[in-house]
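A.B. asks: Please find one structure pasted underneath; my questions will follow.
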Amino acid sequence: MVDLPPKRRTPRLPLGERIAASAYGAKAVWPSGFPVYQQGTLADGIFIILHGHIVLRSPLKGGRGFVSAIAMSGETFGAEGIATNGLYATDAIAAESAETLHLGATQVRAFIREQPTHAIALISQVMTERIALLEKLQELAAMNVEDRLSSALLRLSDDTAFTLDDGSLKLESSHHRLLCEMVGATRESIALALSRMVSAGIAMRGGSIFVINPRRLAERIQATRFDEQTAVEVVQEPSHPRM
């Protein structure tokens with residue numbers, strides 16, 4: 001169905017940097033659904049994902065939640081632990097069997113002192129992810145549900161856990177709640193937006209499963225943003241008589 005998938009929007013920490021950091025951290029494997037830490041607890045150090053992905057979720061009333069980010073292989077999470085007396089801002093939950101590398105605050109300082117080149121790469125990765133969070137804030141404030149959904153789907157297409165062998169994104173019914181919490185919308189709104197994508201040829205539907213073309217999705221997002229940037233209303237100022 002798909003052309004080559006678009007380039008990943010968020011860079012990953014290179015394998016060599018992960019290997020360098022492994023000498024300072026502790027590895028752990030988390031089963032699916034296992035809480036790595038909880039919101040409001042004391043934070044320590046930083047986590048690097050070696051395999052799988054971690055959902056960063058803030059619980060809301062009525063059992064609902066908001067997913068601020070999904071950290072994938074080669075990315076980090078829990079950087080609140082680098083701050084003095086930092087507290088975790090979200091829950092962190094392993095969405096599938098995930099392997100992480102944890103560097104406590106003491107190990108982070110040792111890594112910076114003894115391996116500054118590799119440590120700079122880690123800090124750069126953290127800052128790149130912070131930029132992605134700022135971009136998501138802009139999306140939540142300025143975009144409609146369909147555009148926010150497109151951005152979330154493109155994000156999921158970065159992880160092989162959600163994709164088929166040809167790079168297309170496979171969206172199952174079990175993923176709908178995750179999408180609702182990523183986008184901040186109801187199931188009805190998500191279903192309607194997905195139906196529009198089918199009509200536009202961006203996705204195909206088979207029962208409750210959607211298969212989405214990331215390349216066409218990226219092109220749609222780019223076209224939408226271009227239209228928004230060029231559609232600037234020109235207001236002619238009234239002329240004033242000279243005194």
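Identifiers for the structure tokens are assigned positionally: chains receive A, B, ... in sequence, residues are indexed from 1 per chain, and ligands are indexed from 1 in the order shown.
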Tell me which protein, DNA and RNA residues are within 8 Å of A:Ser32, counting only C-alpha atoms, leaving out same-chain ones fewer than 5 positions away, and put them as a ChimeraX atom specification.
C.D. replies: /A:94-98
A.B. asks: Atoms to include: C-alpha atoms. Write the selected residues as a JSON list (two decimals), in the first residue's frame.
C.D. replies:
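Once everything was written out, this is part33.json:
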```json
[["chain", "number", "residue", "atom", "x", "y", "z"],
["A", 94, "ALA", "CA", 5.45, 0.02, 29.55],
["A", 95, "ALA", "CA", 2.99, -0.36, 26.65],
["A", 96, "GLU", "CA", 4.67, -3.60, 25.61],
["A", 97, "SER", "CA", 7.65, -5.56, 26.85],
["A", 98, "ALA", "CA", 10.23, -2.77, 27.04]]
```
A.B. asks: What lies within 10 Å of A:Glu146 using only C-alpha atoms, ignoring chain neighbours under 5 positions off, as a list in words?
C.D. replies: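 The filter keeps Ser151, Ala152, Val183, Ala185, Ser189, Ile190, Leu192, Ala193, Leu194, Arg196 and Met197 of chain A.
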A.B. asks: Neighbouring residues of A:Thr84 were defined as those with any atom within 12 Å, considering only C-alpha atoms; residues of the same chain fewer than 3 positions away were excluded. Please report them as a PDB file with N, CA, C and O atoms, in the first residue's frame.
C.D. replies:
```pdb
ATOM      1  N   LEU A  42       9.415  11.004  43.765  1.00  0.00           N
ATOM      2  CA  LEU A  42      10.739  11.600  43.624  1.00  0.00           C
ATOM      3  C   LEU A  42      11.452  11.030  42.401  1.00  0.00           C
ATOM      4  O   LEU A  42      11.521   9.808  42.226  1.00  0.00           O
ATOM      5  N   ALA A  43      11.958  11.910  41.555  1.00  0.00           N
ATOM      6  CA  ALA A  43      12.617  11.491  40.308  1.00  0.00           C
ATOM      7  C   ALA A  43      14.119  11.360  40.515  1.00  0.00           C
ATOM      8  O   ALA A  43      14.717  12.103  41.303  1.00  0.00           O
ATOM      9  N   ASP A  44      14.709  10.429  39.787  1.00  0.00           N
ATOM     10  CA  ASP A  44      16.146  10.197  39.915  1.00  0.00           C
ATOM     11  C   ASP A  44      16.738   9.847  38.553  1.00  0.00           C
ATOM     12  O   ASP A  44      16.341   8.867  37.922  1.00  0.00           O
ATOM     13  N   GLY A  45      17.669  10.656  38.075  1.00  0.00           N
ATOM     14  CA  GLY A  45      18.396  10.342  36.855  1.00  0.00           C
ATOM     15  C   GLY A  45      17.562  10.413  35.593  1.00  0.00           C
ATOM     16  O   GLY A  45      16.675  11.251  35.461  1.00  0.00           O
ATOM     17  N   ALA A  79      13.494  12.548  32.474  1.00  0.00           N
ATOM     18  CA  ALA A  79      14.590  13.501  32.658  1.00  0.00           C
ATOM     19  C   ALA A  79      14.324  14.480  33.798  1.00  0.00           C
ATOM     20  O   ALA A  79      15.209  15.258  34.158  1.00  0.00           O
ATOM     21  N   GLU A  80      13.112  14.437  34.390  1.00  0.00           N
ATOM     22  CA  GLU A  80      12.859  15.238  35.586  1.00  0.00           C
ATOM     23  C   GLU A  80      13.869  14.896  36.684  1.00  0.00           C
ATOM     24  O   GLU A  80      14.150  15.708  37.568  1.00  0.00           O
ATOM     25  N   GLY A  81      14.418  13.676  36.629  1.00  0.00           N
ATOM     26  CA  GLY A  81      15.367  13.219  37.638  1.00  0.00           C
ATOM     27  C   GLY A  81      16.709  13.895  37.572  1.00  0.00           C
ATOM     28  O   GLY A  81      17.545  13.714  38.471  1.00  0.00           O
ATOM     29  N   LEU A  87      10.457  15.929  40.614  1.00  0.00           N
ATOM     30  CA  LEU A  87       9.355  14.987  40.758  1.00  0.00           C
ATOM     31  C   LEU A  87       8.875  14.579  39.365  1.00  0.00           C
ATOM     32  O   LEU A  87       8.879  15.389  38.445  1.00  0.00           O
ATOM     33  N   TYR A  88       8.456  13.320  39.226  1.00  0.00           N
ATOM     34  CA  TYR A  88       7.979  12.869  37.932  1.00  0.00           C
ATOM     35  C   TYR A  88       6.663  13.564  37.585  1.00  0.00           C
ATOM     36  O   TYR A  88       5.741  13.619  38.398  1.00  0.00           O
ATOM     37  N   ALA A 105      21.078   9.903  39.191  1.00  0.00           N
ATOM     38  CA  ALA A 105      21.684  11.238  39.170  1.00  0.00           C
ATOM     39  C   ALA A 105      23.199  11.165  39.363  1.00  0.00           C
ATOM     40  O   ALA A 105      23.960  11.880  38.699  1.00  0.00           O
ATOM     41  N   THR A 106      23.654  10.299  40.263  1.00  0.00           N
ATOM     42  CA  THR A 106      25.098  10.153  40.493  1.00  0.00           C
ATOM     43  C   THR A 106      25.791   9.618  39.251  1.00  0.00           C
ATOM     44  O   THR A 106      26.877  10.080  38.860  1.00  0.00           O
TER      45      THR A 106
END
```
A.B. asks: Which residues, written as JSON, numbers by chain, have at least one atom at most 8 Å from stretch 73-77 of chain A, with only C-alpha atoms counted and residues fewer than 6 positions away on the same chain left out?
C.D. replies: {"A": [12, 13, 14, 15, 18, 46, 47, 48, 49, 50, 51, 52, 53, 125, 126, 129, 159]}
A.B. asks: Go ahead and save the residues from that selection, with C-alpha atoms, as a PDB file, in the first residue's frame.
C.D. replies:
```pdb
ATOM      1  CA  ARG A  12      17.141   8.751  18.139  1.00  0.00           C
ATOM      2  CA  LEU A  13      20.206   8.404  20.334  1.00  0.00           C
ATOM      3  CA  PRO A  14      22.735   6.482  18.194  1.00  0.00           C
ATOM      4  CA  LEU A  15      23.603   2.918  19.179  1.00  0.00           C
ATOM      5  CA  ARG A  18      23.659   3.907  24.141  1.00  0.00           C
ATOM      6  CA  ILE A  46      17.169   9.491  33.375  1.00  0.00           C
ATOM      7  CA  PHE A  47      15.953   6.479  31.393  1.00  0.00           C
ATOM      8  CA  ILE A  48      17.083   5.490  27.885  1.00  0.00           C
ATOM      9  CA  ILE A  49      14.863   3.055  25.973  1.00  0.00           C
ATOM     10  CA  LEU A  50      16.741   0.168  24.407  1.00  0.00           C
ATOM     11  CA  HIS A  51      13.693  -1.691  23.067  1.00  0.00           C
ATOM     12  CA  GLY A  52       9.929  -1.181  22.992  1.00  0.00           C
ATOM     13  CA  HIS A  53       8.157   1.991  24.074  1.00  0.00           C
ATOM     14  CA  GLN A 125      18.671  14.006  22.618  1.00  0.00           C
ATOM     15  CA  VAL A 126      16.831  15.251  25.715  1.00  0.00           C
ATOM     16  CA  GLU A 129      12.557  15.666  22.759  1.00  0.00           C
ATOM     17  CA  ASP A 159       7.678   2.617  16.054  1.00  0.00           C
TER      18      ASP A 159
END
```
A.B. asks: Set the distance at 12 Å and use only C-alpha atoms: which residues neighbour A:Phe66 once local chain neighbours fewer than 3 positions away are removed? I'd like the list as a PyMOL selection string.
C.D. replies: chain A and resi 55-61+63+69-70+89-92+140+177-186
A.B. asks: Could those selected residues go to a file with N, CA and C atoms, as a short mmCIF file (atom, residue, chain, number, x, y, z; two decimals), in the first residue's frame?
C.D. replies:
```cif
data_model
loop_
_atom_site.label_atom_id
_atom_site.label_comp_id
_atom_site.auth_asym_id
_atom_site.auth_seq_id
_atom_site.Cartn_x
_atom_site.Cartn_y
_atom_site.Cartn_z
N VAL A 55 4.75 4.70 27.59
CA VAL A 55 3.71 5.73 27.49
C VAL A 55 3.79 6.63 28.72
N LEU A 56 3.90 7.93 28.49
CA LEU A 56 3.91 8.92 29.57
C LEU A 56 2.52 9.50 29.67
N ARG A 57 1.81 9.16 30.75
CA ARG A 57 0.39 9.45 30.86
C ARG A 57 0.08 10.16 32.17
N SER A 58 -0.75 11.19 32.08
CA SER A 58 -1.23 11.90 33.26
C SER A 58 -2.66 11.48 33.52
N PRO A 59 -2.95 10.88 34.68
CA PRO A 59 -4.32 10.45 34.98
C PRO A 59 -5.24 11.64 35.22
N LEU A 60 -6.48 11.53 34.72
CA LEU A 60 -7.50 12.55 34.91
C LEU A 60 -8.69 11.94 35.63
N LYS A 61 -9.72 12.70 35.83
CA LYS A 61 -10.91 12.22 36.53
C LYS A 61 -11.65 11.18 35.69
N GLY A 63 -11.19 7.99 35.37
CA GLY A 63 -10.40 6.95 34.72
C GLY A 63 -9.79 7.36 33.40
N ALA A 69 3.33 12.07 25.84
CA ALA A 69 4.38 11.60 24.95
C ALA A 69 4.45 10.08 24.98
N ILE A 70 4.99 9.52 23.90
CA ILE A 70 5.35 8.11 23.86
C ILE A 70 6.84 8.06 23.56
N ALA A 89 6.57 14.09 36.36
CA ALA A 89 5.42 14.87 35.93
C ALA A 89 4.28 13.99 35.43
N THR A 90 4.57 12.73 35.11
CA THR A 90 3.55 11.81 34.57
C THR A 90 3.76 10.42 35.17
N ASP A 91 2.80 9.54 34.91
CA ASP A 91 3.04 8.11 35.08
C ASP A 91 3.83 7.63 33.87
N ALA A 92 4.66 6.62 34.06
CA ALA A 92 5.38 5.99 32.95
C ALA A 92 5.00 4.52 32.94
N LEU A 140 -1.88 21.34 20.14
CA LEU A 140 -3.08 21.29 20.97
C LEU A 140 -3.79 22.64 21.00
N ARG A 177 -8.13 4.04 22.28
CA ARG A 177 -8.06 4.77 23.55
C ARG A 177 -6.75 5.55 23.63
N LEU A 178 -5.66 4.92 23.21
CA LEU A 178 -4.37 5.61 23.22
C LEU A 178 -4.43 6.86 22.36
N LEU A 179 -5.04 6.75 21.17
CA LEU A 179 -5.16 7.91 20.29
C LEU A 179 -6.01 9.01 20.93
N CYS A 180 -7.10 8.62 21.57
CA CYS A 180 -7.96 9.61 22.25
C CYS A 180 -7.16 10.39 23.28
N GLU A 181 -6.32 9.68 24.04
CA GLU A 181 -5.55 10.33 25.09
C GLU A 181 -4.35 11.10 24.55
N MET A 182 -3.86 10.74 23.38
CA MET A 182 -2.79 11.51 22.74
C MET A 182 -3.33 12.80 22.14
N VAL A 183 -4.51 12.70 21.54
CA VAL A 183 -5.08 13.81 20.78
C VAL A 183 -5.91 14.73 21.68
N GLY A 184 -6.48 14.16 22.76
CA GLY A 184 -7.38 14.93 23.60
C GLY A 184 -8.75 15.07 22.96
N ALA A 185 -9.30 13.94 22.49
CA ALA A 185 -10.58 13.95 21.79
C ALA A 185 -11.37 12.71 22.14
N THR A 186 -12.65 12.70 21.79
CA THR A 186 -13.52 11.55 22.06
C THR A 186 -13.33 10.47 21.00
#
```
A.B. asks: Pick out the closest residue to A:Thr10 from this set: A:Ile82, A:Ala71, A:Ala110, A:Leu171. Count only C-alpha atoms.
C.D. replies: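 Residue with the minimum atom-to-atom distance to A:Thr10: A:Ala71.
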A.B. asks: Work out how far apart atom CA of A:Phe210 and atom CA of A:Arg148 are and give it in Å to one decimal.
C.D. replies: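 Answer for the atom CA of A:Phe210 to atom CA of A:Arg148 separation: 17.2 Å.
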A.B. asks: Among stretch 126-221 of chain A, which ones does DSSP place in helix (DSSP H, G or I), written as a VMD selection string?
C.D. replies: chain A and resid 126 to 142 145 to 156 160 to 162 173 to 183 187 to 199 214 to 221
A.B. asks: Leaving out A:Lys27 and any residue of its chain fewer than 6 positions from it, which residues lie within 8 Å of it when counting only C-alpha atoms, given as a list in words?
C.D. replies: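 Non-adjacent residues within range: Glu99, Thr100, Leu101 and His102 of chain A.
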A.B. asks: Choose the residue, out of A:Gly167, A:Gly201, A:Pro11, A:Gly65, that has the smallest atom-to-atom separation from A:Pro214; count only C-alpha atoms.
C.D. replies: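 Ranking A:Gly167, A:Gly201, A:Pro11, A:Gly65 by distance to A:Pro214, first place goes to A:Gly167.
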A.B. asks: Looking only at strand (DSSP E) from DSSP on the backbone, list the matching residues of stretch 12-214 of chain A as a VMD selection string.
C.D. replies: chain A and resid 26 to 30 35 to 37 45 to 51 53 to 59 65 to 72 76 to 81 91 to 94 98 to 103 169 to 171 203 to 206 209 to 212
A.B. asks: Using only C-alpha atoms, pick whichever of A:Glu114, A:Leu164, A:Glu188, A:Gly206 has the shortest atom-to-atom distance to A:Ala21.
C.D. replies: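 Answer, going by the shortest atom-to-atom distance: A:Glu114.
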